[in-house]
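Working notes, structure below.
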Amino acid sequence: MLKISVIDSRKQRRLILEGKLVVPWAAELKAACDRARADLDGRNFVVDVKHLTAISHEGENLLLELMNDGVKFRSYGVFTKEVLRQLARRMRGNSQELKR
């Protein structure tokens, strides 16, 4: 199960994720991100992943896609920080391969 909460402030729209980012919830997160980014009106968009307890391969691919789209992430736990760190390495590796 994945819970997605939207927190709006004057400067930021934040999606807070809680639970497991696995199939079919990855598709639900993609749709939620698309809806949330549609009307930001100049605000920052941040996805808070600190409460995720599991991330499947499909979930990682979605997070990588969001990173490539410029989405910012917020994380505090060891698990989610390490996942984001590995995805950032993959993103840098992919961009270097494209430059060749």
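By order of appearance in the structure tokens: chains A, B, ..., then residues from 1 within every chain, and ligands from 1 in the order shown.
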DSSP-assigned alpha helix (DSSP H) among chain A, expressed as a PyMOL selection string:
chain A and resi 25-38+57-68+78-99
With N, CA and C atoms retained, export the selected residues as a short mmCIF file (atom, residue, chain, number, x, y, z; two decimals), in the first residue's frame.
data_model
loop_
_atom_site.label_atom_id
_atom_site.label_comp_id
_atom_site.auth_asym_id
_atom_site.auth_seq_id
_atom_site.Cartn_x
_atom_site.Cartn_y
_atom_site.Cartn_z
N TRP A 25 1.39 0.70 -7.46
CA TRP A 25 1.41 2.04 -6.86
C TRP A 25 2.37 2.99 -7.57
N ALA A 26 3.35 2.45 -8.30
CA ALA A 26 4.26 3.32 -9.06
C ALA A 26 3.47 4.10 -10.11
N ALA A 27 2.53 3.44 -10.78
CA ALA A 27 1.70 4.12 -11.78
C ALA A 27 0.83 5.18 -11.13
N GLU A 28 0.33 4.89 -9.95
CA GLU A 28 -0.49 5.87 -9.22
C GLU A 28 0.34 7.09 -8.83
N LEU A 29 1.59 6.86 -8.41
CA LEU A 29 2.47 7.97 -8.08
C LEU A 29 2.77 8.82 -9.31
N LYS A 30 3.01 8.18 -10.44
CA LYS A 30 3.26 8.92 -11.69
C LYS A 30 2.08 9.84 -12.01
N ALA A 31 0.88 9.31 -11.90
CA ALA A 31 -0.32 10.11 -12.17
C ALA A 31 -0.46 11.26 -11.16
N ALA A 32 -0.16 10.98 -9.89
CA ALA A 32 -0.25 12.01 -8.85
C ALA A 32 0.77 13.12 -9.10
N CYS A 33 1.98 12.74 -9.53
CA CYS A 33 3.01 13.74 -9.83
C CYS A 33 2.61 14.59 -11.02
N ASP A 34 2.07 13.96 -12.05
CA ASP A 34 1.62 14.72 -13.22
C ASP A 34 0.54 15.72 -12.84
N ARG A 35 -0.41 15.30 -12.02
CA ARG A 35 -1.48 16.21 -11.58
C ARG A 35 -0.91 17.34 -10.73
N ALA A 36 0.00 17.00 -9.83
CA ALA A 36 0.56 17.99 -8.90
C ALA A 36 1.41 19.03 -9.62
N ARG A 37 2.11 18.61 -10.67
CA ARG A 37 2.99 19.54 -11.39
C ARG A 37 2.23 20.37 -12.41
N ALA A 38 0.98 20.06 -12.66
CA ALA A 38 0.21 20.74 -13.70
C ALA A 38 -0.07 22.21 -13.36
N HIS A 57 11.84 -2.36 -8.29
CA HIS A 57 12.59 -1.92 -9.47
C HIS A 57 11.77 -0.90 -10.27
N GLU A 58 10.48 -1.16 -10.41
CA GLU A 58 9.60 -0.22 -11.14
C GLU A 58 9.53 1.12 -10.40
N GLY A 59 9.50 1.06 -9.08
CA GLY A 59 9.49 2.29 -8.28
C GLY A 59 10.78 3.07 -8.45
N GLU A 60 11.91 2.36 -8.46
CA GLU A 60 13.20 3.02 -8.69
C GLU A 60 13.23 3.68 -10.06
N ASN A 61 12.73 2.98 -11.07
CA ASN A 61 12.71 3.55 -12.42
C ASN A 61 11.86 4.82 -12.47
N LEU A 62 10.74 4.83 -11.77
CA LEU A 62 9.91 6.02 -11.73
C LEU A 62 10.63 7.16 -11.02
N LEU A 63 11.27 6.89 -9.90
CA LEU A 63 12.02 7.93 -9.19
C LEU A 63 13.13 8.48 -10.07
N LEU A 64 13.80 7.61 -10.83
CA LEU A 64 14.84 8.05 -11.75
C LEU A 64 14.26 8.94 -12.84
N GLU A 65 13.11 8.56 -13.36
CA GLU A 65 12.43 9.38 -14.38
C GLU A 65 12.09 10.76 -13.82
N LEU A 66 11.60 10.80 -12.58
CA LEU A 66 11.27 12.08 -11.95
C LEU A 66 12.52 12.92 -11.73
N MET A 67 13.62 12.26 -11.34
CA MET A 67 14.90 12.98 -11.19
C MET A 67 15.31 13.60 -12.51
N ASN A 68 15.20 12.83 -13.58
CA ASN A 68 15.56 13.34 -14.90
C ASN A 68 14.68 14.52 -15.31
N VAL A 78 18.11 6.23 6.27
CA VAL A 78 19.26 5.60 5.63
C VAL A 78 18.83 4.89 4.34
N PHE A 79 17.72 4.16 4.40
CA PHE A 79 17.24 3.40 3.25
C PHE A 79 16.95 4.30 2.05
N THR A 80 16.11 5.30 2.26
CA THR A 80 15.72 6.15 1.12
C THR A 80 16.87 7.02 0.65
N LYS A 81 17.72 7.47 1.56
CA LYS A 81 18.89 8.25 1.13
C LYS A 81 19.79 7.43 0.23
N GLU A 82 20.01 6.17 0.58
CA GLU A 82 20.87 5.30 -0.22
C GLU A 82 20.24 5.02 -1.58
N VAL A 83 18.94 4.78 -1.63
CA VAL A 83 18.27 4.56 -2.91
C VAL A 83 18.42 5.78 -3.79
N LEU A 84 18.18 6.97 -3.25
CA LEU A 84 18.31 8.20 -4.04
C LEU A 84 19.75 8.42 -4.48
N ARG A 85 20.71 8.09 -3.64
CA ARG A 85 22.12 8.23 -4.00
C ARG A 85 22.47 7.30 -5.18
N GLN A 86 22.00 6.07 -5.12
CA GLN A 86 22.25 5.13 -6.22
C GLN A 86 21.57 5.58 -7.51
N LEU A 87 20.37 6.10 -7.41
CA LEU A 87 19.66 6.58 -8.60
C LEU A 87 20.37 7.80 -9.20
N ALA A 88 20.89 8.67 -8.34
CA ALA A 88 21.63 9.83 -8.85
C ALA A 88 22.87 9.38 -9.61
N ARG A 89 23.54 8.33 -9.12
CA ARG A 89 24.70 7.78 -9.84
C ARG A 89 24.28 7.22 -11.19
N ARG A 90 23.15 6.50 -11.21
CA ARG A 90 22.64 5.96 -12.48
C ARG A 90 22.33 7.09 -13.45
N MET A 91 21.74 8.17 -12.93
CA MET A 91 21.38 9.31 -13.77
C MET A 91 22.64 9.96 -14.36
N ARG A 92 23.66 10.14 -13.54
CA ARG A 92 24.91 10.72 -14.02
C ARG A 92 25.56 9.80 -15.05
N GLY A 93 25.52 8.50 -14.80
CA GLY A 93 26.10 7.54 -15.75
C GLY A 93 25.37 7.56 -17.08
N ASN A 94 24.05 7.65 -17.05
CA ASN A 94 23.27 7.72 -18.29
C ASN A 94 23.57 8.98 -19.06
N SER A 95 23.71 10.11 -18.36
CA SER A 95 23.98 11.37 -19.06
C SER A 95 25.38 11.37 -19.67
N GLN A 96 26.34 10.73 -19.02
CA GLN A 96 27.69 10.66 -19.57
C GLN A 96 27.72 9.77 -20.80
N GLU A 97 26.92 8.68 -20.79
CA GLU A 97 26.87 7.81 -21.97
C GLU A 97 26.24 8.53 -23.15
N LEU A 98 25.27 9.40 -22.89
CA LEU A 98 24.63 10.14 -23.98
C LEU A 98 25.59 11.15 -24.61
N LYS A 99 26.55 11.68 -23.83
CA LYS A 99 27.49 12.66 -24.34
C LYS A 99 28.52 12.04 -25.27
#
Quick one, how far is CA of Arg13 (chain A) from CA of Gly77 (chain A)?
21.1 Å
What is the distance, in Å and to one decimal place, between CA of Lys50 (chain A) and CA of Arg10 (chain A)?
22.2 Å
Residues within 10 Å of Phe45 (chain A), only C-alpha atoms, excluding chain neighbours under 3 positions, as number ranges by chain
A: 8, 11-15, 33, 36-37, 40, 42, 48, 70-73
One decimal, in Å: what's the spacing between CA of Ser75 (chain A) and CA of Ser56 (chain A)?
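Pair CA of Ser75 (chain A) / CA of Ser56 (chain A) returns 17.2 Å.
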Could you pull the residues within 9 Å of Ile16 (chain A), counting only C-alpha atoms, minus those fewer than 4 positions along the same chain, as a VMD selection string?
chain A and resid 3 to 7 46 to 51
